[in-house]
Structure formats: C-alpha cells, structure tokens
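> See model-v6.pdb below, with PDB, C-alpha atoms.
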```
ATOM      1  CA  MET L   1       0.000   0.000   0.000
ATOM      2  CA  GLY L   2       3.020   2.255   0.081
ATOM      3  CA  GLN L   3       2.515   3.395   3.675
ATOM      4  CA  VAL L   4       3.103   1.628   6.977
ATOM      5  CA  ALA L   5      -0.026   1.418   9.105
ATOM      6  CA  ALA L   6       0.115   2.020  12.844
ATOM      7  CA  PRO L   7       0.105  -1.173  14.917
ATOM      8  CA  ILE L   8      -3.078  -2.233  16.659
ATOM      9  CA  ARG L   9      -2.940  -2.280  20.449
ATOM     10  CA  GLU L  10      -2.399  -5.736  21.923
ATOM     11  CA  LEU L  11      -3.868  -7.394  24.983
ATOM     12  CA  PRO L  12      -1.793 -10.399  26.096
ATOM     13  CA  ALA L  13      -2.789 -13.286  28.364
ATOM     14  CA  CYS L  14      -6.497 -13.042  27.501
ATOM     15  CA  ARG L  15      -8.518 -16.230  28.053
ATOM     16  CA  PRO L  16     -11.913 -17.542  26.914
ATOM     17  CA  GLY L  17     -14.602 -17.152  29.538
ATOM     18  CA  ALA L  18     -12.786 -14.082  30.842
ATOM     19  CA  LEU L  19     -12.950 -11.863  27.800
ATOM     20  CA  PRO L  20     -13.017  -8.159  28.741
ATOM     21  CA  LEU L  21     -16.072  -7.548  26.563
ATOM     22  CA  GLY L  22     -17.284  -4.527  28.523
ATOM     23  CA  ALA L  23     -13.900  -2.808  28.377
ATOM     24  CA  LEU L  24     -13.541  -3.552  24.675
ATOM     25  CA  LEU L  25     -16.948  -2.082  23.873
ATOM     26  CA  ASP L  26     -16.395   0.964  26.068
ATOM     27  CA  ALA L  27     -13.049   1.744  24.391
ATOM     28  CA  GLY L  28     -14.443   1.234  20.876
ATOM     29  CA  GLU L  29     -10.960   0.583  19.496
ATOM     30  CA  PRO L  30      -9.539  -2.486  17.745
ATOM     31  CA  VAL L  31      -7.474  -4.760  19.988
ATOM     32  CA  VAL L  32      -5.362  -7.851  19.275
ATOM     33  CA  LEU L  33      -6.004 -10.666  21.770
ATOM     34  CA  ARG L  34      -2.774 -12.622  21.557
ATOM     35  CA  GLY L  35      -3.066 -16.356  22.168
ATOM     36  CA  VAL L  36      -6.695 -16.290  23.253
ATOM     37  CA  ALA L  37      -7.443 -19.417  21.175
ATOM     38  CA  ALA L  38      -4.000 -21.010  21.400
ATOM     39  CA  HIS L  39      -5.404 -23.977  23.365
ATOM     40  CA  TRP L  40      -7.895 -24.973  20.654
ATOM     41  CA  PRO L  41      -7.364 -28.476  19.199
ATOM     42  CA  LEU L  42      -8.015 -26.969  15.756
ATOM     43  CA  VAL L  43      -5.069 -24.621  16.265
ATOM     44  CA  ALA L  44      -2.922 -27.542  17.424
ATOM     45  CA  ALA L  45      -3.931 -29.569  14.379
ATOM     46  CA  GLY L  46      -2.944 -26.691  12.108
ATOM     47  CA  ARG L  47       0.464 -26.537  13.717
ATOM     48  CA  GLY L  48       0.862 -30.163  12.649
ATOM     49  CA  GLY L  49       0.420 -29.204   9.008
ATOM     50  CA  VAL L  50      -2.272 -28.547   6.439
ATOM     51  CA  GLN L  51      -3.351 -32.170   6.145
ATOM     52  CA  ALA L  52      -3.757 -32.516   9.902
ATOM     53  CA  ALA L  53      -5.926 -29.386   9.982
ATOM     54  CA  MET L  54      -8.045 -30.624   7.074
ATOM     55  CA  ASP L  55      -8.467 -34.040   8.694
ATOM     56  CA  TYR L  56      -9.615 -32.382  11.908
ATOM     57  CA  LEU L  57     -12.214 -30.342  10.040
ATOM     58  CA  LYS L  58     -13.398 -33.360   8.050
ATOM     59  CA  ALA L  59     -13.872 -35.323  11.275
ATOM     60  CA  HIS L  60     -16.464 -32.762  12.381
ATOM     61  CA  ALA L  61     -18.123 -32.070   9.017
ATOM     62  CA  THR L  62     -21.570 -33.264   8.026
ATOM     63  CA  GLU L  63     -22.796 -34.500   4.655
ATOM     64  CA  ARG L  64     -24.697 -31.238   4.219
ATOM     65  CA  PRO L  65     -23.309 -29.104   1.352
ATOM     66  CA  VAL L  66     -21.692 -25.787   2.214
ATOM     67  CA  GLN L  67     -21.702 -22.675   0.064
ATOM     68  CA  TYR L  68     -18.388 -21.381  -1.230
ATOM     69  CA  SER L  69     -16.978 -18.967  -3.774
ATOM     70  CA  HIS L  70     -14.863 -20.276  -6.630
ATOM     71  CA  GLY L  71     -12.760 -18.188  -8.975
ATOM     72  CA  ASP L  72     -10.314 -19.058 -11.721
ATOM     73  CA  ARG L  73      -6.609 -18.303 -11.501
ATOM     74  CA  GLU L  74      -7.065 -14.771 -12.810
ATOM     75  CA  VAL L  75      -9.067 -13.893  -9.686
ATOM     76  CA  ALA L  76      -5.770 -14.206  -7.773
ATOM     77  CA  GLY L  77      -7.488 -14.787  -4.442
ATOM     78  CA  ARG L  78      -9.501 -11.556  -4.512
ATOM     79  CA  PRO L  79     -13.266 -12.095  -4.780
ATOM     80  CA  PHE L  80     -14.286  -8.819  -6.363
ATOM     81  CA  TYR L  81     -16.004  -7.363  -9.417
ATOM     82  CA  ARG L  82     -15.619  -7.780 -13.101
ATOM     83  CA  ALA L  83     -15.074  -4.639 -15.167
ATOM     84  CA  GLY L  84     -18.010  -2.284 -14.803
ATOM     85  CA  PHE L  85     -18.898  -3.388 -11.243
ATOM     86  CA  THR L  86     -22.161  -5.050 -12.317
ATOM     87  CA  ALA L  87     -21.056  -8.670 -11.898
ATOM     88  CA  LEU L  88     -18.742 -10.554  -9.560
ATOM     89  CA  ASN L  89     -15.580 -12.342 -10.614
ATOM     90  CA  CYS L  90     -16.392 -15.493  -8.611
ATOM     91  CA  GLU L  91     -19.274 -17.929  -8.806
ATOM     92  CA  VAL L  92     -21.134 -19.425  -5.860
ATOM     93  CA  ARG L  93     -21.002 -23.213  -5.648
ATOM     94  CA  ARG L  94     -22.160 -25.858  -3.192
ATOM     95  CA  ALA L  95     -20.400 -29.048  -2.167
ATOM     96  CA  ARG L  96     -19.646 -31.127   0.893
ATOM     97  CA  LEU L  97     -16.938 -29.578   3.036
ATOM     98  CA  ASP L  98     -14.623 -32.547   2.561
ATOM     99  CA  GLN L  99     -14.894 -32.074  -1.208
ATOM    100  CA  VAL L 100     -13.996 -28.391  -0.953
ATOM    101  CA  LEU L 101     -11.034 -29.217   1.281
ATOM    102  CA  ASP L 102      -9.827 -31.813  -1.222
ATOM    103  CA  GLU L 103     -10.030 -29.239  -4.012
ATOM    104  CA  ILE L 104      -7.962 -26.784  -1.979
ATOM    105  CA  ALA L 105      -5.458 -29.533  -1.179
ATOM    106  CA  GLY L 106      -5.070 -30.302  -4.874
ATOM    107  CA  HIS L 107      -3.750 -26.784  -5.532
ATOM    108  CA  LEU L 108      -1.601 -26.143  -2.432
ATOM    109  CA  ASP L 109       1.608 -26.073  -4.449
ATOM    110  CA  ASP L 110       0.253 -24.025  -7.361
ATOM    111  CA  ALA L 111       1.949 -20.685  -7.913
ATOM    112  CA  ALA L 112      -1.406 -19.245  -9.026
ATOM    113  CA  PRO L 113      -4.190 -21.480  -7.679
ATOM    114  CA  PRO L 114      -7.902 -21.083  -8.270
ATOM    115  CA  THR L 115      -9.721 -19.274  -5.470
ATOM    116  CA  PHE L 116     -11.683 -21.307  -2.934
ATOM    117  CA  TYR L 117     -13.507 -19.486  -0.142
ATOM    118  CA  VAL L 118     -15.980 -20.951   2.316
ATOM    119  CA  ALA L 119     -17.248 -17.762   3.918
ATOM    120  CA  SER L 120     -19.328 -17.142   7.016
ATOM    121  CA  GLN L 121     -20.749 -20.624   7.541
ATOM    122  CA  ARG L 122     -22.344 -21.244  10.939
ATOM    123  CA  VAL L 123     -20.114 -23.685  12.808
ATOM    124  CA  ASP L 124     -22.988 -25.473  14.539
ATOM    125  CA  ALA L 125     -24.688 -26.171  11.207
ATOM    126  CA  CYS L 126     -21.761 -27.390   9.114
ATOM    127  CA  MET L 127     -19.511 -28.851  11.841
ATOM    128  CA  PRO L 128     -21.615 -29.711  14.894
ATOM    129  CA  GLY L 129     -19.450 -30.480  17.880
ATOM    130  CA  LEU L 130     -16.475 -28.444  16.670
ATOM    131  CA  ARG L 131     -16.938 -25.722  19.237
ATOM    132  CA  THR L 132     -17.112 -28.172  22.129
ATOM    133  CA  ASP L 133     -13.332 -27.782  22.347
ATOM    134  CA  ASN L 134     -12.868 -24.732  20.082
ATOM    135  CA  ASP L 135     -14.810 -21.818  21.503
ATOM    136  CA  LEU L 136     -14.381 -18.437  23.205
ATOM    137  CA  ASP L 137     -17.276 -19.163  25.565
ATOM    138  CA  PHE L 138     -19.329 -16.020  25.059
ATOM    139  CA  ALA L 139     -22.077 -17.791  27.015
ATOM    140  CA  ALA L 140     -20.032 -17.233  30.197
ATOM    141  CA  HIS L 141     -20.783 -13.526  29.693
ATOM    142  CA  GLY L 142     -24.455 -14.085  28.955
ATOM    143  CA  VAL L 143     -23.877 -13.161  25.312
ATOM    144  CA  GLU L 144     -25.360 -15.081  22.396
ATOM    145  CA  ALA L 145     -22.716 -15.094  19.649
ATOM    146  CA  PRO L 146     -22.834 -18.264  17.541
ATOM    147  CA  PRO L 147     -19.497 -18.635  15.708
ATOM    148  CA  SER L 148     -19.003 -18.680  11.955
ATOM    149  CA  ILE L 149     -16.119 -20.271  10.084
ATOM    150  CA  TRP L 150     -14.116 -19.069   7.065
ATOM    151  CA  ILE L 151     -11.987 -21.556   5.122
ATOM    152  CA  GLY L 152      -9.911 -21.007   2.001
ATOM    153  CA  ASN L 153      -6.557 -20.556   0.372
ATOM    154  CA  ARG L 154      -4.825 -17.184  -0.052
ATOM    155  CA  VAL L 155      -7.992 -15.103  -0.185
ATOM    156  CA  THR L 156      -8.295 -11.354   0.369
ATOM    157  CA  ALA L 157     -11.552 -10.005   1.758
ATOM    158  CA  SER L 158     -11.761  -6.477   0.371
ATOM    159  CA  CYS L 159     -12.140  -3.658   2.879
ATOM    160  CA  HIS L 160     -15.665  -3.509   4.314
ATOM    161  CA  TYR L 161     -17.537  -2.875   7.557
ATOM    162  CA  ASP L 162     -19.980  -4.955   9.584
ATOM    163  CA  ALA L 163     -22.738  -3.626  11.798
ATOM    164  CA  PRO L 164     -22.115  -6.003  14.741
ATOM    165  CA  ASN L 165     -19.013  -6.121  16.892
ATOM    166  CA  ASN L 166     -16.628  -8.885  15.907
ATOM    167  CA  ILE L 167     -13.927 -11.062  17.432
ATOM    168  CA  ALA L 168     -12.068 -12.891  14.664
ATOM    169  CA  CYS L 169      -9.842 -15.834  15.652
ATOM    170  CA  CYS L 170      -7.037 -16.993  13.392
ATOM    171  CA  ALA L 171      -7.150 -20.795  13.774
ATOM    172  CA  VAL L 172      -5.004 -22.070  10.878
ATOM    173  CA  GLY L 173      -2.548 -20.116   8.735
ATOM    174  CA  ARG L 174      -1.901 -16.403   9.182
ATOM    175  CA  ARG L 175      -3.926 -13.292   8.460
ATOM    176  CA  ARG L 176      -3.138  -9.620   8.061
ATOM    177  CA  PHE L 177      -5.842  -7.144   9.082
ATOM    178  CA  THR L 178      -5.832  -3.480   8.077
ATOM    179  CA  LEU L 179      -8.469  -1.382   9.829
ATOM    180  CA  PHE L 180      -9.898   2.108   9.355
ATOM    181  CA  PRO L 181     -12.284   4.047  11.637
ATOM    182  CA  PRO L 182     -15.874   4.567  10.447
ATOM    183  CA  ASP L 183     -15.305   8.209   9.468
ATOM    184  CA  GLN L 184     -13.037   7.087   6.601
ATOM    185  CA  ILE L 185     -15.910   5.789   4.489
ATOM    186  CA  GLY L 186     -15.566   8.621   1.949
ATOM    187  CA  ASN L 187     -11.826   8.044   1.583
ATOM    188  CA  LEU L 188     -12.238   4.308   0.960
ATOM    189  CA  TYR L 189     -14.410   4.620  -2.167
ATOM    190  CA  PRO L 190     -17.155   2.058  -1.431
ATOM    191  CA  GLY L 191     -18.508   0.057  -4.343
ATOM    192  CA  PRO L 192     -22.116  -0.804  -5.182
ATOM    193  CA  LEU L 193     -24.588  -1.786  -2.495
ATOM    194  CA  ASP L 194     -25.667  -4.604  -4.790
ATOM    195  CA  PRO L 195     -24.149  -6.891  -5.898
ATOM    196  CA  THR L 196     -21.397  -7.278  -3.312
ATOM    197  CA  PRO L 197     -18.710  -9.952  -2.901
ATOM    198  CA  GLY L 198     -19.783 -10.789   0.642
ATOM    199  CA  GLY L 199     -23.031  -9.052   1.488
ATOM    200  CA  GLN L 200     -21.539  -5.654   2.352
ATOM    201  CA  ALA L 201     -20.246  -2.798   0.224
ATOM    202  CA  VAL L 202     -16.470  -3.047  -0.237
ATOM    203  CA  SER L 203     -13.792  -0.550  -1.089
ATOM    204  CA  VAL L 204     -13.024  -0.640  -4.808
ATOM    205  CA  VAL L 205      -9.402   0.366  -4.182
ATOM    206  CA  ASP L 206      -6.883  -2.387  -4.901
ATOM    207  CA  PHE L 207      -4.869  -2.252  -1.692
ATOM    208  CA  ALA L 208      -2.009  -4.212  -3.265
ATOM    209  CA  GLN L 209      -1.609  -1.636  -6.053
ATOM    210  CA  PRO L 210      -3.613   1.480  -5.166
ATOM    211  CA  ASP L 211      -4.298   3.879  -8.009
ATOM    212  CA  PHE L 212      -3.878   7.228  -6.269
ATOM    213  CA  GLU L 213      -4.723   9.194  -9.410
ATOM    214  CA  ARG L 214      -8.127   7.548  -9.563
ATOM    215  CA  PHE L 215      -8.615   7.363  -5.793
ATOM    216  CA  PRO L 216      -6.614  10.283  -4.339
ATOM    217  CA  ARG L 217      -8.451  10.392  -1.002
ATOM    218  CA  PHE L 218      -7.216   6.889  -0.235
ATOM    219  CA  ARG L 219      -3.970   8.514   0.957
ATOM    220  CA  GLU L 220      -5.986  10.196   3.695
ATOM    221  CA  ALA L 221      -7.476   6.855   4.692
ATOM    222  CA  LEU L 222      -4.018   5.300   4.878
ATOM    223  CA  ALA L 223      -2.939   7.966   7.329
ATOM    224  CA  THR L 224      -5.514   6.559   9.783
ATOM    225  CA  ALA L 225      -4.878   2.867   9.071
ATOM    226  CA  ARG L 226      -4.029   0.345  11.775
ATOM    227  CA  SER L 227      -2.684  -3.105  11.059
ATOM    228  CA  ALA L 228      -1.850  -6.419  12.720
ATOM    229  CA  GLU L 229      -0.763  -9.876  11.634
ATOM    230  CA  LEU L 230      -2.386 -12.749  13.482
ATOM    231  CA  GLU L 231      -0.701 -16.072  14.118
ATOM    232  CA  PRO L 232      -2.668 -19.246  14.881
ATOM    233  CA  GLY L 233      -4.440 -18.784  18.208
ATOM    234  CA  ASP L 234      -4.531 -14.980  18.025
ATOM    235  CA  ALA L 235      -7.737 -12.986  17.708
ATOM    236  CA  LEU L 236      -8.751  -9.444  16.845
ATOM    237  CA  PHE L 237     -11.581  -7.373  18.266
ATOM    238  CA  ILE L 238     -13.121  -5.279  15.478
ATOM    239  CA  PRO L 239     -15.581  -2.689  16.795
ATOM    240  CA  SER L 240     -18.900  -2.196  15.068
ATOM    241  CA  MET L 241     -18.662  -0.234  11.787
ATOM    242  CA  TRP L 242     -14.853  -0.247  11.566
ATOM    243  CA  TRP L 243     -13.655  -0.946   8.036
ATOM    244  CA  HIS L 244     -11.363  -3.972   7.754
ATOM    245  CA  HIS L 245      -9.288  -5.423   4.929
ATOM    246  CA  VAL L 246      -8.325  -9.065   5.543
ATOM    247  CA  GLU L 247      -5.539 -10.950   3.780
ATOM    248  CA  ALA L 248      -5.036 -14.695   4.257
ATOM    249  CA  LEU L 249      -1.285 -15.254   3.991
ATOM    250  CA  ALA L 250      -0.837 -19.041   3.953
ATOM    251  CA  PRO L 251      -1.746 -21.656   1.304
ATOM    252  CA  PHE L 252      -4.522 -22.852   3.655
ATOM    253  CA  ASN L 253      -6.311 -20.685   6.228
ATOM    254  CA  VAL L 254      -9.140 -21.078   8.729
ATOM    255  CA  LEU L 255     -10.743 -18.285  10.739
ATOM    256  CA  VAL L 256     -13.541 -18.494  13.315
ATOM    257  CA  ASN L 257     -15.401 -15.327  14.187
ATOM    258  CA  TYR L 258     -18.066 -14.166  16.602
ATOM    259  CA  TRP L 259     -20.473 -11.347  15.766
ATOM    260  CA  TRP L 260     -22.575  -9.829  18.508
ATOM    261  CA  THR L 261     -24.412  -6.669  19.352
ATOM    262  CA  GLY L 262     -25.821  -5.111  22.469
ATOM    263  CA  ALA L 263     -29.000  -4.114  20.620
ATOM    264  CA  PRO L 264     -32.218  -5.918  21.584
ATOM    265  CA  ALA L 265     -33.482  -8.629  19.260
ATOM    266  CA  TRP L 266     -36.442  -6.532  18.132
ATOM    267  CA  MET L 267     -34.182  -3.816  16.698
ATOM    268  CA  PRO L 268     -33.682  -4.258  12.913
ATOM    269  CA  SER L 269     -30.526  -3.609  10.937
ATOM    270  CA  PRO L 270     -29.809   0.089  10.298
ATOM    271  CA  MET L 271     -29.199  -0.913   6.665
ATOM    272  CA  HIS L 272     -32.977  -0.992   6.237
ATOM    273  CA  ALA L 273     -33.114   2.661   7.249
ATOM    274  CA  LEU L 274     -30.261   3.489   4.876
ATOM    275  CA  HIS L 275     -32.046   1.924   1.915
ATOM    276  CA  LEU L 276     -35.274   3.708   2.796
ATOM    277  CA  ALA L 277     -33.419   7.031   3.144
ATOM    278  CA  LEU L 278     -31.795   6.548  -0.259
ATOM    279  CA  TRP L 279     -35.261   6.108  -1.686
ATOM    280  CA  ALA L 280     -37.053   8.836   0.263
ATOM    281  CA  ILE L 281     -34.484  11.577   0.914
ATOM    282  CA  ARG L 282     -31.275  11.459  -1.115
ATOM    283  CA  ASP L 283     -32.603  12.942  -4.366
ATOM    284  CA  ARG L 284     -34.702  15.711  -2.860
ATOM    285  CA  PRO L 285     -33.655  19.351  -3.360
ATOM    286  CA  GLU L 286     -30.635  20.313  -1.278
ATOM    287  CA  ARG L 287     -32.622  22.711   0.877
ATOM    288  CA  GLU L 288     -35.061  19.939   1.803
ATOM    289  CA  LYS L 289     -32.220  17.518   2.491
ATOM    290  CA  GLN L 290     -30.629  19.934   4.923
ATOM    291  CA  ALA L 291     -33.977  20.371   6.680
ATOM    292  CA  TRP L 292     -34.325  16.593   6.986
ATOM    293  CA  ARG L 293     -30.782  16.432   8.368
ATOM    294  CA  GLU L 294     -31.968  18.693  11.201
ATOM    295  CA  VAL L 295     -35.014  16.512  11.744
ATOM    296  CA  PHE L 296     -32.880  13.362  11.965
ATOM    297  CA  ASP L 297     -30.412  15.066  14.288
ATOM    298  CA  TYR L 298     -33.296  16.007  16.554
ATOM    299  CA  TYR L 299     -35.173  12.692  16.575
ATOM    300  CA  VAL L 300     -32.467  10.096  15.875
ATOM    301  CA  PHE L 301     -28.864  11.206  16.348
ATOM    302  CA  GLY L 302     -29.337  13.435  19.366
ATOM    303  CA  PRO L 303     -29.917  12.290  22.964
ATOM    304  CA  CYS L 304     -32.594   9.602  23.074
ATOM    305  CA  GLU L 305     -34.743  11.460  25.601
ATOM    306  CA  ARG L 306     -34.536  14.944  24.070
ATOM    307  CA  ALA L 307     -37.395  14.862  21.567
ATOM    308  CA  GLY L 308     -39.975  13.745  24.118
ATOM    309  CA  ALA L 309     -38.630  15.340  27.275
ATOM    310  CA  HIS L 310     -41.132  18.223  27.227
ATOM    311  CA  LEU L 311     -44.151  15.922  26.786
ATOM    312  CA  PRO L 312     -46.072  13.956  29.414
ATOM    313  CA  GLU L 313     -44.901  10.364  29.501
ATOM    314  CA  ALA L 314     -48.260   9.044  28.331
ATOM    315  CA  ALA L 315     -48.131  11.295  25.258
ATOM    316  CA  ARG L 316     -44.627  10.370  24.051
ATOM    317  CA  GLY L 317     -45.527   7.351  21.923
ATOM    318  CA  LEU L 318     -42.606   6.588  19.608
ATOM    319  CA  LEU L 319     -40.610   9.309  21.329
ATOM    320  CA  GLY L 320     -40.527   7.204  24.486
ATOM    321  CA  PRO L 321     -38.487   4.026  25.063
ATOM    322  CA  LEU L 322     -39.120   1.280  22.541
ATOM    323  CA  ASP L 323     -39.763  -2.338  23.470
ATOM    324  CA  ASP L 324     -40.692  -5.521  21.647
ATOM    325  CA  THR L 325     -44.411  -4.725  21.579
ATOM    326  CA  ARG L 326     -43.962  -1.179  20.302
ATOM    327  CA  ALA L 327     -41.372  -2.382  17.755
ATOM    328  CA  ARG L 328     -43.900  -4.864  16.348
ATOM    329  CA  GLN L 329     -46.492  -2.109  16.068
ATOM    330  CA  LEU L 330     -43.999   0.184  14.324
ATOM    331  CA  ARG L 331     -42.965  -2.567  11.910
ATOM    332  CA  ALA L 332     -46.591  -3.315  11.028
ATOM    333  CA  SER L 333     -47.294   0.390  10.488
ATOM    334  CA  LEU L 334     -44.271   0.789   8.205
ATOM    335  CA  ILE L 335     -45.192  -2.260   6.137
ATOM    336  CA  ASP L 336     -48.730  -0.962   5.773
ATOM    337  CA  ARG L 337     -47.513   2.458   4.605
ATOM    338  CA  LEU L 338     -44.953   1.009   2.194
ATOM    339  CA  ASN L 339     -47.559  -1.257   0.630
ATOM    340  CA  ARG L 340     -50.010   1.561  -0.133
TER     341      ARG L 340
END
```
Let me see the file written as structure tokens.


Amino acid sequence: MGQVAAPIRELPACRPGALPLGALLDAGEPVVLRGVAAHWPLVAAGRGGVQAAMDYLKAHATERPVQYSHGDREVAGRPFYRAGFTALNCEVRRARLDQVLDEIAGHLDDAAPPTFYVASQRVDACMPGLRTDNDLDFAAHGVEAPPSIWIGNRVTASCHYDAPNNIACCAVGRRRFTLFPPDQIGNLYPGPLDPTPGGQAVSVVDFAQPDFERFPRFREALATARSAELEPGDALFIPSMWWHHVEALAPFNVLVNYWWTGAPAWMPSPMHALHLALWAIRDRPEREKQAWREVFDYYVFGPCERAGAHLPEAARGLLGPLDDTRARQLRASLIDRLNR
C-alpha cells in the first residue's frame, strides 16, 4: 500500500470465559487478543500441518453441502467485481466440506491457484461439535454469539464494515488485518450496495496496487490505518462499523469469528433505514435535504430522551423508550404504509 499502518494495540494473556467484553466495547478501538485461542485443538492440528488441519475439520463435518466462492486463476485470491462493477468475478457453488477441502489440497503447491472461499458458515450447522473444544465461551458472559467459520486458500476479503461487533480468531494459517475508523468511508471509495462480494459494500481500491490518481483520497485513509498480523491462536476485536481489509497469507487458512451486538433482538438492521433514506431523501432538493438532516439530528442522532422530554410520559408514543411490543407495532405500520 506504500505506507506503513500504525500497529493495533495488543492485549496479552487473555482467556476464553474471561474476555473483557465490557472494556472492549467501552473503548471502541480495535485490539489484538494474543493467544486467546491457542489452546484450541483446531489450532494444534494446524500446527501439525495442512493435512492434519483438514483431517480435523473433516472429522467434524456433516454431509450437508456448504456454500463457497470459486474463482479461476485470474481472480488471484480476490473475490471482487468484473469490469463495470455489475457482476462478480467469482461464482457461488455448493459441495460437501470434505470435497472443498480436497479441491484446496489439490492446488496447495500451485503458484497461481484457483480461489476457494468458504465464507461465514455457521459452525454449529456445518460442523456440529467443533466448538465443544474450540470456543471463546461467550455464554459465560451471557452473550449469544454463535461462531461462523471461514476456510480457504490465499484469499483477500476487500475492505468492508460490519454492523455487529466482531472477534475474529485466526485458527489455521496467518492473516493480516488493516483497519480504518468509520469516518473514513468517503476516503475508501465504497462500491455498489448490490451486488457485493460478501453481502456488504467493499472498497473498490486495490490495496495491493492502489491507483492514487483515480482514488486520491485513499492517501488520507491510509494515514488513519491500523494493522496487525495474526498467528494461529490470536484474535482481533473489530468494533462495530470499523472498516477492515483481511488478507489470508498461507496456502490454507481457517478463521472463526463471533459477531454480537448489544441491541435488543427486536431492533432491525440500520441498513434498512439506509435503503429507505436513499429512496425517500437522497434525491430531494438540497434545501429539503438539509432540513431533513436537522429533523434526523433532533429525533435520531441526538440524545434519546430529548425529543420527548417536554411531553407527558403518556403522550410520548414513539418518542418514548421502545420495546418488543412497540417495535412490532412500528414494523406493522411501516409495512402498511410502504404497501399503499
């Protein structure tokens, strides 16, 4: 990338069941958790070599097909777009996990292998029993965070953000993470909202060979970048909405991650609101848009209690605290209005 990113702060001697989740969320900064998963049998199997790691995964796999991305050699491990950004350069396939692993194994020594990427598969569905001995034990904190697994060869996940908080554990191979704070979105040149390589908009900048003439603001993003390389057993806390670029560095790599949020279950994804705002607000005259900015600042982005503070509690309605019942009513009202 032509510029050295600042290192991400590290927290040594962190253990499952004693994760400092509250402190991590309060700080809102990325943190490397060195060795937090070093005791996992999956990590130990990977230290014994690629075949040992694959055999361990196969021993836990079901006959149920998994979804994975496949790209030819020209993809060079970067699931992305074809020219014009209207189609992706990989195709989605389905096969048993053992079959995918065998395909990866058949190209381990290739200088330019095809791309294989099993992405974001729920561990409990595709490998039941795996997390009996390979888990960060979020349940000890009263947090529901079912793990997902990512398996592939040298694959680069282009820079993107996720709405939930994330702890990503490097189980086999090595990974390099480059992170940017949420306010860098304009300097990272996000691509289309649809289609996307992995469900989220990604930066269209090629981090390996950035074109600064085409994307000059990317230099500003790089000035804020933070980076870390994870060895097997290490993990990284990625706060909600932080952009992250992830490079798998070994011929075979496995990552297990945990997404979670403190929001109640009845609260929908803010992406729904973004799509609705694109439809309802973005193309209005500038004067109207600025007026709606003030409205949103007052009702949404300001203090939660401000808009209804001067009203009797019984009269606050949607301006008062939301709960599951009121959320259901609001959802039904929105669907009714949108269907008119």

> Of the candidates L:Leu278, L:Asp124, L:Leu33, L:Glu144, which shows the shortest atom-to-atom distance to Pro20 of chain L, using only C-alpha atoms?

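The shortest atom-to-atom distance to Pro20 of chain L comes from L:Leu33.
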
> List the residues matched by the PyMOL selection byres ((chain L and resi 60) around 9) in the displayed structure as a VMD selection string, ordered by chain and then by residue number.

chain L and resid 55 to 59 61 to 62 126 to 130

> Could you state which residues are captured by the PyMOL selection byres ((chain L and resi 205) around 10) in this file, as a list in words?

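Evaluating the PyMOL selection byres ((chain L and resi 205) around 10) on these coordinates yields Ser158, Cys159, Asn187, Leu188, Tyr189, Pro190, Gly191, Val202, Ser203, Val204, Asp206, Phe207, Ala208, Gln209, Pro210, Asp211, Phe212, Arg214, Phe215 and Phe218 of chain L.
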
> Can you spit out the residues from that selection as an mmCIF file, in the frame of the given file, using C-alpha atoms?


```
data_model
loop_
_atom_site.group_PDB
_atom_site.id
_atom_site.type_symbol
_atom_site.label_atom_id
_atom_site.label_comp_id
_atom_site.auth_asym_id
_atom_site.auth_seq_id
_atom_site.Cartn_x
_atom_site.Cartn_y
_atom_site.Cartn_z
ATOM 1 C CA SER L 158 -11.761 -6.477 0.371
ATOM 2 C CA CYS L 159 -12.140 -3.658 2.879
ATOM 3 C CA ASN L 187 -11.826 8.044 1.583
ATOM 4 C CA LEU L 188 -12.238 4.308 0.960
ATOM 5 C CA TYR L 189 -14.410 4.620 -2.167
ATOM 6 C CA PRO L 190 -17.155 2.058 -1.431
ATOM 7 C CA GLY L 191 -18.508 0.057 -4.343
ATOM 8 C CA VAL L 202 -16.470 -3.047 -0.237
ATOM 9 C CA SER L 203 -13.792 -0.550 -1.089
ATOM 10 C CA VAL L 204 -13.024 -0.640 -4.808
ATOM 11 C CA ASP L 206 -6.883 -2.387 -4.901
ATOM 12 C CA PHE L 207 -4.869 -2.252 -1.692
ATOM 13 C CA ALA L 208 -2.009 -4.212 -3.265
ATOM 14 C CA GLN L 209 -1.609 -1.636 -6.053
ATOM 15 C CA PRO L 210 -3.613 1.480 -5.166
ATOM 16 C CA ASP L 211 -4.298 3.879 -8.009
ATOM 17 C CA PHE L 212 -3.878 7.228 -6.269
ATOM 18 C CA ARG L 214 -8.127 7.548 -9.563
ATOM 19 C CA PHE L 215 -8.615 7.363 -5.793
ATOM 20 C CA PHE L 218 -7.216 6.889 -0.235
#
```

> Dump as a VMD selection string all residues having an atom at most 12 Å from (-10.5, -16.8, -12.0), computed in the file's coordinates with only C-alpha atoms.

chain L and resid 69 to 82 88 to 91 112 to 116

> Considering all atoms listed in the file, can you say which of L:Asp162, L:Glu220, L:Glu103, L:Asp133 comes closest to Trp242 of chain L?

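Once distances to Trp242 of chain L are computed over all atoms listed in the file, the minimum belongs to L:Asp162.
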
> Return the single residue from L:Gln184, L:Thr196, L:Ser148, L:Thr178 that is closest to Tyr258 of chain L, with distances computed using all atoms listed in the file.

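Distance minimum relative to Tyr258 of chain L lands on L:Ser148.
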
> Just how far from atom CA of Ala140 of chain L is atom CA of Asp234 of chain L, in Å to one decimal?

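Calculated distance between atom CA of Asp234 of chain L and atom CA of Ala140 of chain L is 19.8 Å.
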
> Please evaluate the PyMOL selection byres ((chain L and resi 236) around 7) against the structure above and give the resulting residues as a PyMOL selection string.

chain L and resi 31-33+167-169+235+237-238

> Could you check which residues have any atom within 8 Å of (-9.0, -18.7, 7.6), counting only C-alpha atoms with coordinates taken straight from the file, and then list them as a short mmCIF file (atom, residue, chain, number, x, y, z; two decimals) with C-alpha atoms, in the coordinates of the input?


```cif
data_model
loop_
_atom_site.label_atom_id
_atom_site.label_comp_id
_atom_site.auth_asym_id
_atom_site.auth_seq_id
_atom_site.Cartn_x
_atom_site.Cartn_y
_atom_site.Cartn_z
CA ILE L 149 -16.12 -20.27 10.08
CA TRP L 150 -14.12 -19.07 7.06
CA ILE L 151 -11.99 -21.56 5.12
CA GLY L 152 -9.91 -21.01 2.00
CA ASN L 153 -6.56 -20.56 0.37
CA CYS L 170 -7.04 -16.99 13.39
CA ALA L 171 -7.15 -20.80 13.77
CA VAL L 172 -5.00 -22.07 10.88
CA GLY L 173 -2.55 -20.12 8.74
CA ARG L 174 -1.90 -16.40 9.18
CA ARG L 175 -3.93 -13.29 8.46
CA ALA L 248 -5.04 -14.70 4.26
CA PHE L 252 -4.52 -22.85 3.66
CA ASN L 253 -6.31 -20.68 6.23
CA VAL L 254 -9.14 -21.08 8.73
CA LEU L 255 -10.74 -18.28 10.74
CA VAL L 256 -13.54 -18.49 13.32
#
```

> Take atom CA of Gln67 of chain L and atom CA of Ile104 of chain L and report the distance between them in Å, one decimal.

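Interatomic distance, atom CA of Gln67 of chain L to atom CA of Ile104 of chain L: 14.5 Å.
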
> Expressed in Å to a single decimal, how great is the separation between atom CA of Ala250 of chain L and atom CA of Arg64 of chain L?

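Computed distance, atom CA of Ala250 of chain L to atom CA of Arg64 of chain L, equals 26.8 Å.
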
> Extending 3 Å beyond the listed atoms of segment 5-10 of chain L on each side, what axis-aligned box results? I want centre and edge lengths in Å to one decimal, as JSON.


```
{"center_x": -1.5, "center_y": -1.9, "center_z": 15.5, "size_x": 9.2, "size_y": 13.8, "size_z": 18.8}
```

> Pick from L:Asp135, L:Glu29, L:Glu63, L:Asp110: nearest to Leu97 of chain L, with only C-alpha atoms counted?

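Closest candidate: L:Glu63.
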